[in-house]
file final14.pdb (PDB, C-alpha atoms and all ligand atoms)
ATOM      1  CA  MET A  19      28.979  -2.105  25.040
ATOM      2  CA  GLY A  20      31.790   0.014  26.502
ATOM      3  CA  GLU A  21      34.833   1.390  24.701
ATOM      4  CA  ILE A  22      36.289  -1.037  22.139
ATOM      5  CA  LEU A  23      40.059  -1.467  22.332
ATOM      6  CA  ILE A  24      40.561  -4.031  19.597
ATOM      7  CA  GLU A  25      38.369  -4.809  16.640
ATOM      8  CA  THR A  26      38.947  -7.221  13.786
ATOM      9  CA  LYS A  27      37.056  -6.850  10.514
ATOM     10  CA  ASP A  28      36.800  -9.954   8.349
ATOM     11  CA  ILE A  29      40.308 -10.928   9.414
ATOM     12  CA  GLY A  30      41.689 -14.053   7.798
ATOM     13  CA  ILE A  31      44.791 -15.980   6.861
ATOM     14  CA  SER A  32      45.442 -19.039   4.731
ATOM     15  CA  PHE A  33      48.350 -21.435   4.995
ATOM     16  CA  GLY A  34      48.572 -23.173   1.657
ATOM     17  CA  GLY A  35      44.959 -23.859   0.842
ATOM     18  CA  HIS A  36      43.885 -24.041   4.482
ATOM     19  CA  LYS A  37      42.021 -21.099   6.003
ATOM     20  CA  ALA A  38      43.328 -21.113   9.577
ATOM     21  CA  VAL A  39      41.330 -17.961  10.383
ATOM     22  CA  ASN A  40      38.375 -17.177   8.169
ATOM     23  CA  LYS A  41      36.722 -13.728   8.150
ATOM     24  CA  VAL A  42      36.596 -13.307  11.903
ATOM     25  CA  ASN A  43      34.929 -10.220  13.398
ATOM     26  CA  VAL A  44      35.487  -9.616  17.089
ATOM     27  CA  LYS A  45      35.250  -6.572  19.338
ATOM     28  CA  LEU A  46      37.210  -6.547  22.572
ATOM     29  CA  GLU A  47      35.939  -4.248  25.246
ATOM     30  CA  LYS A  48      38.040  -2.147  27.574
ATOM     31  CA  GLY A  49      38.255  -3.366  31.158
ATOM     32  CA  LYS A  50      36.876  -6.818  30.398
ATOM     33  CA  LEU A  51      38.440 -10.244  30.332
ATOM     34  CA  THR A  52      37.462 -12.066  27.162
ATOM     35  CA  THR A  53      38.374 -15.732  26.713
ATOM     36  CA  ILE A  54      38.741 -17.257  23.280
ATOM     37  CA  LEU A  55      37.690 -20.888  23.337
ATOM     38  CA  GLY A  56      37.713 -23.557  20.696
ATOM     39  CA  PRO A  57      39.031 -27.037  20.003
ATOM     40  CA  ASN A  58      42.702 -27.715  19.274
ATOM     41  CA  GLY A  59      43.650 -26.288  15.904
ATOM     42  CA  ALA A  60      40.589 -23.992  15.784
ATOM     43  CA  GLY A  61      42.752 -20.970  15.009
ATOM     44  CA  LYS A  62      42.975 -19.250  18.399
ATOM     45  CA  THR A  63      46.744 -18.721  18.455
ATOM     46  CA  THR A  64      46.684 -17.704  14.805
ATOM     47  CA  LEU A  65      44.043 -15.075  15.620
ATOM     48  CA  PHE A  66      46.338 -13.781  18.404
ATOM     49  CA  ASN A  67      49.221 -13.648  15.941
ATOM     50  CA  LEU A  68      47.111 -11.588  13.561
ATOM     51  CA  ILE A  69      46.027  -9.212  16.319
ATOM     52  CA  SER A  70      49.538  -8.760  17.729
ATOM     53  CA  GLY A  71      51.172  -8.471  14.297
ATOM     54  CA  LEU A  72      53.276 -11.635  14.176
ATOM     55  CA  LEU A  73      51.333 -12.638  11.083
ATOM     56  CA  GLU A  74      50.068 -10.496   8.220
ATOM     57  CA  PRO A  75      46.505 -11.331   7.285
ATOM     58  CA  THR A  76      45.607 -12.412   3.796
ATOM     59  CA  GLU A  77      42.342 -10.518   4.242
ATOM     60  CA  GLY A  78      40.681  -8.097   6.630
ATOM     61  CA  GLN A  79      41.854  -5.523   9.148
ATOM     62  CA  VAL A  80      42.791  -5.073  12.798
ATOM     63  CA  PHE A  81      42.022  -1.854  14.673
ATOM     64  CA  PHE A  82      43.460  -0.740  17.988
ATOM     65  CA  LYS A  83      41.505   2.088  19.590
ATOM     66  CA  GLY A  84      40.077   2.945  16.192
ATOM     67  CA  THR A  85      43.458   3.057  14.410
ATOM     68  CA  ASP A  86      44.098   0.587  11.608
ATOM     69  CA  VAL A  87      47.188  -1.360  12.757
ATOM     70  CA  THR A  88      46.917  -4.160  10.190
ATOM     71  CA  HIS A  89      50.296  -3.401   8.668
ATOM     72  CA  LEU A  90      52.149  -2.211  11.754
ATOM     73  CA  SER A  91      54.992  -4.285  13.218
ATOM     74  CA  PRO A  92      54.525  -6.146  16.525
ATOM     75  CA  LEU A  93      56.943  -3.672  18.148
ATOM     76  CA  LYS A  94      54.870  -0.663  17.087
ATOM     77  CA  ARG A  95      51.769  -2.371  18.474
ATOM     78  CA  ILE A  96      53.529  -3.040  21.781
ATOM     79  CA  LYS A  97      54.476   0.618  21.979
ATOM     80  CA  MET A  98      50.836   1.536  21.395
ATOM     81  CA  GLY A  99      49.811  -0.584  24.393
ATOM     82  CA  MET A 100      49.272  -4.124  23.168
ATOM     83  CA  GLY A 101      51.129  -6.710  25.302
ATOM     84  CA  ARG A 102      51.428 -10.360  24.346
ATOM     85  CA  SER A 103      52.586 -13.575  25.979
ATOM     86  CA  PHE A 104      53.240 -16.912  24.345
ATOM     87  CA  GLN A 105      52.411 -20.561  24.979
ATOM     88  CA  LEU A 106      56.127 -21.244  25.346
ATOM     89  CA  THR A 107      58.031 -19.531  28.077
ATOM     90  CA  ASN A 108      60.410 -16.791  26.974
ATOM     91  CA  VAL A 109      62.635 -15.821  29.876
ATOM     92  CA  PHE A 110      66.388 -15.212  30.037
ATOM     93  CA  GLY A 111      67.687 -18.082  32.167
ATOM     94  CA  ALA A 112      71.013 -16.451  32.991
ATOM     95  CA  LEU A 113      69.381 -13.324  34.426
ATOM     96  CA  THR A 114      67.578 -13.015  37.753
ATOM     97  CA  ALA A 115      63.811 -12.660  37.946
ATOM     98  CA  PHE A 116      64.331  -8.983  38.802
ATOM     99  CA  GLU A 117      66.667  -8.418  35.850
ATOM    100  CA  ASN A 118      64.268 -10.101  33.434
ATOM    101  CA  VAL A 119      61.436  -7.758  34.382
ATOM    102  CA  ARG A 120      63.643  -4.663  34.448
ATOM    103  CA  LEU A 121      65.086  -5.484  31.059
ATOM    104  CA  ALA A 122      61.584  -5.758  29.597
ATOM    105  CA  MET A 123      60.764  -2.370  31.100
ATOM    106  CA  GLN A 124      63.926  -0.813  29.669
ATOM    107  CA  SER A 125      63.142  -2.224  26.249
ATOM    108  CA  LYS A 126      59.793  -0.457  26.258
ATOM    109  CA  GLU A 127      61.281   2.807  27.450
ATOM    110  CA  ASN A 128      64.116   2.489  24.935
ATOM    111  CA  ILE A 129      66.596   3.810  27.418
ATOM    112  CA  GLY A 130      69.297   1.164  27.182
ATOM    113  CA  PHE A 131      72.465   2.115  29.030
ATOM    114  CA  LYS A 132      71.426   5.724  29.545
ATOM    115  CA  ILE A 133      69.864   4.669  32.841
ATOM    116  CA  PHE A 134      73.314   4.713  34.394
ATOM    117  CA  THR A 135      73.511   8.433  33.826
ATOM    118  CA  ASP A 136      70.156   9.173  35.372
ATOM    119  CA  HIS A 137      70.017   7.968  38.907
ATOM    120  CA  ARG A 138      66.429   8.955  39.558
ATOM    121  CA  LYS A 139      65.164   7.122  36.515
ATOM    122  CA  TYR A 140      67.157   4.087  37.616
ATOM    123  CA  LYS A 141      65.558   4.121  41.062
ATOM    124  CA  ASP A 142      62.152   4.555  39.537
ATOM    125  CA  LEU A 143      62.647   1.535  37.274
ATOM    126  CA  ASN A 144      63.760  -0.584  40.211
ATOM    127  CA  LYS A 145      60.705   0.439  42.191
ATOM    128  CA  LYS A 146      58.336  -0.365  39.334
ATOM    129  CA  THR A 147      60.108  -3.705  38.836
ATOM    130  CA  ASP A 148      59.566  -4.576  42.497
ATOM    131  CA  GLU A 149      55.887  -3.657  42.219
ATOM    132  CA  ILE A 150      55.452  -5.951  39.235
ATOM    133  CA  LEU A 151      57.243  -8.841  40.930
ATOM    134  CA  GLU A 152      54.857  -8.380  43.828
ATOM    135  CA  LYS A 153      51.839  -8.471  41.492
ATOM    136  CA  VAL A 154      52.953 -11.757  39.930
ATOM    137  CA  LEU A 155      53.768 -13.185  43.380
ATOM    138  CA  LEU A 156      57.497 -13.549  42.766
ATOM    139  CA  LYS A 157      58.847 -11.021  45.264
ATOM    140  CA  ASP A 158      60.558 -13.751  47.284
ATOM    141  CA  LYS A 159      62.290 -15.067  44.177
ATOM    142  CA  LYS A 160      63.514 -11.756  42.763
ATOM    143  CA  ASP A 161      67.209 -12.636  43.085
ATOM    144  CA  PHE A 162      66.891 -16.172  41.741
ATOM    145  CA  LEU A 163      68.166 -16.852  38.261
ATOM    146  CA  ALA A 164      65.229 -17.491  35.942
ATOM    147  CA  SER A 165      66.761 -20.874  35.122
ATOM    148  CA  GLU A 166      66.452 -21.819  38.811
ATOM    149  CA  LEU A 167      62.715 -21.139  38.890
ATOM    150  CA  SER A 168      60.112 -23.849  38.473
ATOM    151  CA  HIS A 169      58.140 -23.967  35.239
ATOM    152  CA  GLY A 170      55.138 -22.354  36.961
ATOM    153  CA  GLU A 171      57.326 -19.573  38.340
ATOM    154  CA  GLN A 172      58.808 -18.976  34.914
ATOM    155  CA  ARG A 173      55.287 -18.537  33.563
ATOM    156  CA  LYS A 174      54.584 -15.958  36.260
ATOM    157  CA  LEU A 175      57.826 -14.230  35.402
ATOM    158  CA  GLU A 176      56.860 -14.128  31.766
ATOM    159  CA  LEU A 177      53.619 -12.476  32.771
ATOM    160  CA  GLY A 178      55.652  -9.956  34.778
ATOM    161  CA  MET A 179      57.757  -9.217  31.704
ATOM    162  CA  VAL A 180      54.647  -8.486  29.658
ATOM    163  CA  MET A 181      53.289  -6.330  32.499
ATOM    164  CA  ALA A 182      56.562  -4.393  32.456
ATOM    165  CA  LEU A 183      55.590  -3.136  29.013
ATOM    166  CA  ASP A 184      52.701  -1.381  30.760
ATOM    167  CA  PRO A 185      50.097  -2.630  28.302
ATOM    168  CA  GLU A 186      46.568  -1.348  28.046
ATOM    169  CA  ILE A 187      45.508  -4.727  26.736
ATOM    170  CA  LEU A 188      47.159  -8.075  27.388
ATOM    171  CA  LEU A 189      46.905 -11.049  25.055
ATOM    172  CA  LEU A 190      47.678 -14.158  27.064
ATOM    173  CA  ASP A 191      48.102 -17.440  25.243
ATOM    174  CA  GLU A 192      47.526 -20.222  27.770
ATOM    175  CA  PRO A 193      49.327 -18.726  30.763
ATOM    176  CA  THR A 194      48.799 -22.015  32.624
ATOM    177  CA  ALA A 195      50.210 -24.234  29.860
ATOM    178  CA  GLY A 196      52.420 -26.908  31.379
ATOM    179  CA  MET A 197      51.534 -25.851  34.924
ATOM    180  CA  ALA A 198      50.490 -28.366  37.539
ATOM    181  CA  ILE A 199      46.803 -28.144  38.391
ATOM    182  CA  GLU A 200      47.674 -27.099  41.985
ATOM    183  CA  GLU A 201      49.382 -24.004  40.606
ATOM    184  CA  VAL A 202      46.286 -22.802  38.741
ATOM    185  CA  PRO A 203      44.614 -21.025  41.712
ATOM    186  CA  VAL A 204      47.735 -18.896  42.172
ATOM    187  CA  MET A 205      47.643 -17.946  38.509
ATOM    188  CA  ILE A 206      43.971 -17.018  38.937
ATOM    189  CA  ASP A 207      44.972 -14.714  41.826
ATOM    190  CA  ILE A 208      47.626 -13.091  39.695
ATOM    191  CA  MET A 209      45.199 -12.574  36.841
ATOM    192  CA  ARG A 210      42.737 -10.971  39.255
ATOM    193  CA  ASN A 211      45.477  -8.590  40.396
ATOM    194  CA  ILE A 212      46.037  -7.620  36.790
ATOM    195  CA  GLN A 213      42.309  -7.245  36.111
ATOM    196  CA  ASN A 214      41.924  -5.088  39.211
ATOM    197  CA  SER A 215      44.606  -2.744  38.000
ATOM    198  CA  GLY A 216      42.348  -1.983  35.027
ATOM    199  CA  THR A 217      44.168  -3.919  32.312
ATOM    200  CA  THR A 218      41.989  -5.401  29.595
ATOM    201  CA  ILE A 219      42.773  -9.067  28.953
ATOM    202  CA  ILE A 220      42.210 -11.459  26.076
ATOM    203  CA  LEU A 221      42.894 -14.997  27.105
ATOM    204  CA  ILE A 222      43.311 -18.310  25.337
ATOM    205  CA  GLU A 223      42.878 -20.986  27.954
ATOM    206  CA  HIS A 224      41.891 -24.623  28.161
ATOM    207  CA  LYS A 225      41.770 -24.937  31.945
ATOM    208  CA  MET A 226      38.114 -24.495  32.763
ATOM    209  CA  ASP A 227      38.719 -23.471  36.395
ATOM    210  CA  MET A 228      40.549 -20.472  35.082
ATOM    211  CA  VAL A 229      37.986 -19.697  32.388
ATOM    212  CA  LYS A 230      35.118 -19.908  34.859
ATOM    213  CA  ALA A 231      36.792 -17.828  37.520
ATOM    214  CA  LEU A 232      37.806 -14.941  35.310
ATOM    215  CA  SER A 233      35.865 -14.537  32.058
ATOM    216  CA  ASP A 234      33.419 -11.713  31.489
ATOM    217  CA  LYS A 235      32.819 -12.959  27.986
ATOM    218  CA  LEU A 236      33.563 -16.008  25.832
ATOM    219  CA  ILE A 237      34.201 -16.019  22.105
ATOM    220  CA  ILE A 238      33.943 -19.422  20.451
ATOM    221  CA  ILE A 239      36.074 -20.153  17.399
ATOM    222  CA  VAL A 240      35.593 -23.364  15.413
ATOM    223  CA  ASN A 241      37.440 -24.300  12.217
ATOM    224  CA  GLY A 242      38.909 -20.831  11.927
ATOM    225  CA  MET A 243      35.475 -19.211  12.083
ATOM    226  CA  PHE A 244      33.628 -17.189  14.675
ATOM    227  CA  LEU A 245      30.772 -19.290  16.049
ATOM    228  CA  THR A 246      29.265 -17.200  18.840
ATOM    229  CA  GLU A 247      30.005 -15.005  21.828
ATOM    230  CA  GLY A 248      28.413 -13.987  25.094
ATOM    231  CA  ASP A 249      28.601 -14.373  28.827
ATOM    232  CA  PRO A 250      29.856 -17.791  29.978
ATOM    233  CA  GLU A 251      26.458 -18.829  31.310
ATOM    234  CA  THR A 252      24.619 -18.178  28.037
ATOM    235  CA  VAL A 253      27.324 -19.506  25.738
ATOM    236  CA  SER A 254      27.621 -22.714  27.711
ATOM    237  CA  LYS A 255      23.967 -23.459  27.030
ATOM    238  CA  ASP A 256      23.994 -22.527  23.355
ATOM    239  CA  PRO A 257      22.972 -25.633  21.378
ATOM    240  CA  GLU A 258      25.224 -24.611  18.466
ATOM    241  CA  VAL A 259      28.202 -24.486  20.792
ATOM    242  CA  LEU A 260      27.353 -27.798  22.350
ATOM    243  CA  LYS A 261      26.955 -29.370  18.937
ATOM    244  CA  ALA A 262      29.926 -27.872  17.155
ATOM    245  CA  TYR A 263      32.515 -27.662  19.838
ATOM    246  CA  LEU A 264      31.688 -29.535  22.928
ATOM    247  CA  GLY A 265      30.587 -33.081  22.583
ATOM    248  CA  GLY A 266      33.241 -33.680  25.208
ATOM    249  CA  GLY A 267      31.164 -31.811  27.765
ATOM    250  CA  VAL A 268      33.713 -29.097  28.410
ATOM    251  CA  LEU A 269      31.154 -26.369  28.874
ATOM    252  CA  ASP A 270      29.011 -28.521  31.147
ATOM    253  CA  GLU A 271      31.445 -27.374  33.779
ATOM    254  CA  LEU A 272      30.682 -23.772  32.948
ATOM    255  CA  ALA A 273      26.958 -24.345  32.969
ATOM    256  CA  VAL A 274      27.036 -25.372  36.615
ATOM    257  CA  LYS A 275      28.908 -22.192  37.494
ATOM    258  CA  GLY A 276      27.371 -20.799  40.719
TER
HETATM  259  N1  LIG A 301      52.648 -21.099  10.434
HETATM  260  C1  LIG A 301      51.758 -22.017  10.053
HETATM  261  N2  LIG A 301      51.879 -22.699   8.901
HETATM  262  C2  LIG A 301      50.963 -23.602   8.502
HETATM  263  N3  LIG A 301      49.873 -23.916   9.212
HETATM  264  C3  LIG A 301      49.683 -23.299  10.376
HETATM  265  C4  LIG A 301      50.614 -22.304  10.868
HETATM  266  N4  LIG A 301      50.156 -21.843  12.077
HETATM  267  C5  LIG A 301      49.008 -22.504  12.315
HETATM  268  N5  LIG A 301      48.713 -23.359  11.306
HETATM  269  C6  LIG A 301      47.513 -24.205  11.215
HETATM  270  O1  LIG A 301      46.410 -23.377  11.452
HETATM  271  C7  LIG A 301      45.411 -24.051  12.221
HETATM  272  C8  LIG A 301      45.116 -23.270  13.480
HETATM  273  O2  LIG A 301      46.222 -23.374  14.394
HETATM  274  P1  LIG A 301      46.260 -22.604  15.778
HETATM  275  O3  LIG A 301      47.588 -22.909  16.401
HETATM  276  O4  LIG A 301      45.921 -21.185  15.577
HETATM  277  O5  LIG A 301      45.098 -23.321  16.592
HETATM  278  P2  LIG A 301      44.711 -23.173  18.122
HETATM  279  O6  LIG A 301      43.241 -22.994  18.161
HETATM  280  O7  LIG A 301      45.549 -22.143  18.777
HETATM  281  O8  LIG A 301      45.077 -24.616  18.680
HETATM  282  P3  LIG A 301      45.636 -25.090  20.123
HETATM  283  O9  LIG A 301      44.491 -24.999  21.052
HETATM  284  O10 LIG A 301      46.027 -26.516  19.845
HETATM  285  O11 LIG A 301      46.799 -24.209  20.474
HETATM  286  C9  LIG A 301      45.953 -25.442  12.474
HETATM  287  O12 LIG A 301      45.424 -26.292  11.496
HETATM  288  C10 LIG A 301      47.454 -25.260  12.295
HETATM  289  O13 LIG A 301      48.056 -26.465  11.892
END

call {"tool": "encode", "arguments": {"input": "final14.pdb", "output": "structure tokens"}}
result
Amino acid sequence: MGEILIETKDIGISFGGHKAVNKVNVKLEKGKLTTILGPNGAGKTTLFNLISGLLEPTEGQVFFKGTDVTHLSPLKRIKMGMGRSFQLTNVFGALTAFENVRLAMQSKENIGFKIFTDHRKYKDLNKKTDEILEKVLLKDKKDFLASELSHGEQRKLELGMVMALDPEILLLDEPTAGMAIEEVPVMIDIMRNIQNSGTTIILIEHKMDMVKALSDKLIIIVNGMFLTEGDPETVSKDPEVLKAYLGGGVLDELAVKG
């Protein structure tokens, strides 16, 4: 296994009496795309919230590049290189696509209005913003208000805003949620662009086309607990996975992967 960027040790959280995540141990490897799969309500988003700091665990620890970040705020984690997107779109409708991405970049750099006193920095930010809009295939829409974009375009923009934080690892919670199936191949292209630029990705995704096309590794979570992990081919044939999770035949699609 290569360098580990994120590791959880016996991480868990209870809501009332219910253990939404129960002593989960995962290691996420640099440069890889790992997909977290599991039925609805299995605890995938909750695990993301624990990793990114939106929730404090009731037990266990989270490490980022060997540092214990369990009690650090989400903002501190972002500054360390952990980027996160959400199932719901979070864009500023009254700003253009370009402004949304640049604002995200400014927030990371903490430069606020000082940019107006440093022309070079300003130009540099604009250039980086253009590069990101190109990566998420929104260059043509840069001057559109975010509210004028389609839902799928807003999702791409959201991805651009997370990219603007220049993360070393990206946690993406269903980037295709609410997208029409015809839009999925474009999202796959965008994700490949991000992968090719060396960013490590952890993905929660239900659309199997996407999972098949991109995943180096699958981690299966059932009832808040880690079930198994491995390459998509192996995991899709694991009898435990088929028994506990599938039934519905979801991974049959993975098993026939070329
Ligand atoms: N803030 C909360 N308060 C109480 N219960 C919660 C909270 N967040 C999540 N849960 C519960 O924890 C369990 C796991 O939810 P979670 O959203 O993590 O599942 P998921 O695997 O992401 O599901 P989906 O695929 O439907 O998004 C569910 O039973 C959910 O109702």

call {"tool": "resolve_selection", "arguments": {"input": "final14.pdb", "expression": "the PyMOL selection byres (((not hetatm)) within 8 of (chain A and resi 301))", "output": "number ranges by chain"}}
result
A: 32-34, 36-39, 55-66, 222, 224, 239, 241-242

call {"tool": "residues_around", "arguments": {"input": "final14.pdb", "residues": "range 88-94 of chain A", "least_positions_apart": "3", "cutoff": "9 Å", "atoms": "only C-alpha atoms", "output": "number ranges by chain"}}
result
A: 68-72, 74-75, 78-81, 97-100

call {"tool": "resolve_selection", "arguments": {"input": "final14.pdb", "expression": "the PyMOL selection byres (((chain A and resi 216) around 9) and not hetatm)", "output": "number ranges by chain"}}
result
A: 48-50, 186, 212-215, 217-218

call {"tool": "residues_around", "arguments": {"input": "final14.pdb", "residues": "Ser103 in chain A", "least_positions_apart": "5", "cutoff": "7 Å", "atoms": "all atoms listed in the file", "output": "PyMOL selection string"}}
result
chain A and resi 177+180+189-191

call {"tool": "residues_around", "arguments": {"input": "final14.pdb", "residues": "Ala115 in chain A", "least_positions_apart": "2", "cutoff": "7 Å", "atoms": "all atoms listed in the file", "output": "PDB file with C-alpha atoms, in the frame of the given file"}}
result
ATOM      1  CA  LEU A 113      69.381 -13.324  34.426  1.00  0.00           C
ATOM      2  CA  GLU A 117      66.667  -8.418  35.850  1.00  0.00           C
ATOM      3  CA  ASN A 118      64.268 -10.101  33.434  1.00  0.00           C
ATOM      4  CA  VAL A 119      61.436  -7.758  34.382  1.00  0.00           C
ATOM      5  CA  LYS A 159      62.290 -15.067  44.177  1.00  0.00           C
ATOM      6  CA  LYS A 160      63.514 -11.756  42.763  1.00  0.00           C
ATOM      7  CA  ASP A 161      67.209 -12.636  43.085  1.00  0.00           C
ATOM      8  CA  PHE A 162      66.891 -16.172  41.741  1.00  0.00           C
ATOM      9  CA  LEU A 163      68.166 -16.852  38.261  1.00  0.00           C
ATOM     10  CA  ALA A 164      65.229 -17.491  35.942  1.00  0.00           C
ATOM     11  CA  LEU A 175      57.826 -14.230  35.402  1.00  0.00           C
TER      12      LEU A 175
END

call {"tool": "atom_distance", "arguments": {"input": "final14.pdb", "atom1": "CA of Ile237 in chain A", "atom2": "CA of Arg102 in chain A"}}
result
18.3 Å

call {"tool": "resolve_selection", "arguments": {"input": "final14.pdb", "expression": "the PyMOL selection byres (((chain A and resi 147) around 10) and not hetatm)", "output": "PyMOL selection string"}}
result
chain A and resi 115-123+141-146+148-153+157+160+178-179+181-182

call {"tool": "write_last_selection", "arguments": {"input": "final14.pdb", "atoms": "C-alpha atoms", "output": "PDB file, keeping the file's coordinate frame"}}
result
ATOM      1  CA  ALA A 115      63.811 -12.660  37.946  1.00  0.00           C
ATOM      2  CA  PHE A 116      64.331  -8.983  38.802  1.00  0.00           C
ATOM      3  CA  GLU A 117      66.667  -8.418  35.850  1.00  0.00           C
ATOM      4  CA  ASN A 118      64.268 -10.101  33.434  1.00  0.00           C
ATOM      5  CA  VAL A 119      61.436  -7.758  34.382  1.00  0.00           C
ATOM      6  CA  ARG A 120      63.643  -4.663  34.448  1.00  0.00           C
ATOM      7  CA  LEU A 121      65.086  -5.484  31.059  1.00  0.00           C
ATOM      8  CA  ALA A 122      61.584  -5.758  29.597  1.00  0.00           C
ATOM      9  CA  MET A 123      60.764  -2.370  31.100  1.00  0.00           C
ATOM     10  CA  LYS A 141      65.558   4.121  41.062  1.00  0.00           C
ATOM     11  CA  ASP A 142      62.152   4.555  39.537  1.00  0.00           C
ATOM     12  CA  LEU A 143      62.647   1.535  37.274  1.00  0.00           C
ATOM     13  CA  ASN A 144      63.760  -0.584  40.211  1.00  0.00           C
ATOM     14  CA  LYS A 145      60.705   0.439  42.191  1.00  0.00           C
ATOM     15  CA  LYS A 146      58.336  -0.365  39.334  1.00  0.00           C
ATOM     16  CA  ASP A 148      59.566  -4.576  42.497  1.00  0.00           C
ATOM     17  CA  GLU A 149      55.887  -3.657  42.219  1.00  0.00           C
ATOM     18  CA  ILE A 150      55.452  -5.951  39.235  1.00  0.00           C
ATOM     19  CA  LEU A 151      57.243  -8.841  40.930  1.00  0.00           C
ATOM     20  CA  GLU A 152      54.857  -8.380  43.828  1.00  0.00           C
ATOM     21  CA  LYS A 153      51.839  -8.471  41.492  1.00  0.00           C
ATOM     22  CA  LYS A 157      58.847 -11.021  45.264  1.00  0.00           C
ATOM     23  CA  LYS A 160      63.514 -11.756  42.763  1.00  0.00           C
ATOM     24  CA  GLY A 178      55.652  -9.956  34.778  1.00  0.00           C
ATOM     25  CA  MET A 179      57.757  -9.217  31.704  1.00  0.00           C
ATOM     26  CA  MET A 181      53.289  -6.330  32.499  1.00  0.00           C
ATOM     27  CA  ALA A 182      56.562  -4.393  32.456  1.00  0.00           C
TER      28      ALA A 182
END

call {"tool": "residues_around", "arguments": {"input": "final14.pdb", "residues": "Thr53 in chain A", "least_positions_apart": "5", "cutoff": "7 Å", "atoms": "only C-alpha atoms", "output": "PyMOL selection string"}}
result
chain A and resi 220-222+229+233+235-237

call {"tool": "closest_residue", "arguments": {"input": "final14.pdb", "among": "A:Thr114, A:Thr76, A:Ser125, A:Thr252", "to": "Ile96 in chain A", "atoms": "all atoms listed in the file"}}
result
A:Ser125

call {"tool": "closest_residue", "arguments": {"input": "final14.pdb", "among": "A:Lys225, A:Val154, A:Thr26, A:Arg173", "to": "Asp207 in chain A", "atoms": "only C-alpha atoms"}}
result
A:Val154

call {"tool": "atom_distance", "arguments": {"input": "final14.pdb", "atom1": "CA of Gly30 in chain A", "atom2": "CA of Val42 in chain A"}}
result
6.6 Å

call {"tool": "atom_distance", "arguments": {"input": "final14.pdb", "atom1": "CA of Thr85 in chain A", "atom2": "CA of Gly248 in chain A"}}
result
25.1 Å

call {"tool": "closest_residue", "arguments": {"input": "final14.pdb", "among": "A:Gly35, A:Glu171, A:Ala195, A:Leu155", "to": "Arg210 in chain A", "atoms": "all atoms listed in the file"}}
result
A:Leu155

call {"tool": "closest_residue", "arguments": {"input": "final14.pdb", "among": "A:Asp28, A:Glu47, A:Asp249, A:Glu201", "to": "Met228 in chain A", "atoms": "only C-alpha atoms"}}
result
A:Glu201

call {"tool": "closest_residue", "arguments": {"input": "final14.pdb", "among": "A:Met243, A:Met205, A:Leu183, A:Met197", "to": "Ile31 in chain A", "atoms": "all atoms listed in the file"}}
result
A:Met243

call {"tool": "axis_aligned_box", "arguments": {"input": "final14.pdb", "around": "range 182-197 of chain A", "padding_each_side": "4 Å", "output": "lines of an AutoDock Vina configuration file"}}
result
center_x = 51.0
center_y = -14.1
center_z = 30.0
size_x = 19.1
size_y = 33.6
size_z = 17.9

call {"tool": "decode", "arguments": {"input": "final14.pdb", "residues": "range 33-58 of chain A", "atoms": "C-alpha atoms", "output": "PDB file, in the first residue's frame"}}
result
ATOM      1  CA  PHE A  33     -27.517   9.375  17.481  1.00  0.00           C
ATOM      2  CA  GLY A  34     -29.702   8.598  20.453  1.00  0.00           C
ATOM      3  CA  GLY A  35     -29.233   4.884  20.874  1.00  0.00           C
ATOM      4  CA  HIS A  36     -28.496   4.281  17.196  1.00  0.00           C
ATOM      5  CA  LYS A  37     -24.904   3.677  16.112  1.00  0.00           C
ATOM      6  CA  ALA A  38     -24.829   5.352  12.695  1.00  0.00           C
ATOM      7  CA  VAL A  39     -21.103   4.599  12.342  1.00  0.00           C
ATOM      8  CA  ASN A  40     -19.700   1.799  14.448  1.00  0.00           C
ATOM      9  CA  LYS A  41     -15.938   1.360  14.982  1.00  0.00           C
ATOM     10  CA  VAL A  42     -14.946   1.856  11.370  1.00  0.00           C
ATOM     11  CA  ASN A  43     -11.290   1.479  10.350  1.00  0.00           C
ATOM     12  CA  VAL A  44     -10.370   2.667   6.880  1.00  0.00           C
ATOM     13  CA  LYS A  45      -7.128   3.714   5.215  1.00  0.00           C
ATOM     14  CA  LEU A  46      -7.291   5.971   2.185  1.00  0.00           C
ATOM     15  CA  GLU A  47      -4.326   5.861  -0.106  1.00  0.00           C
ATOM     16  CA  LYS A  48      -2.743   8.805  -1.858  1.00  0.00           C
ATOM     17  CA  GLY A  49      -3.414   9.069  -5.581  1.00  0.00           C
ATOM     18  CA  LYS A  50      -6.264   6.564  -5.563  1.00  0.00           C
ATOM     19  CA  LEU A  51      -9.988   6.917  -6.015  1.00  0.00           C
ATOM     20  CA  THR A  52     -11.818   5.008  -3.307  1.00  0.00           C
ATOM     21  CA  THR A  53     -15.599   4.623  -3.473  1.00  0.00           C
ATOM     22  CA  ILE A  54     -17.651   4.038  -0.359  1.00  0.00           C
ATOM     23  CA  LEU A  55     -20.657   1.887  -1.152  1.00  0.00           C
ATOM     24  CA  GLY A  56     -23.536   0.710   0.951  1.00  0.00           C
ATOM     25  CA  PRO A  57     -27.318   0.734   1.088  1.00  0.00           C
ATOM     26  CA  ASN A  58     -29.304   3.865   1.936  1.00  0.00           C
TER      27      ASN A  58
END
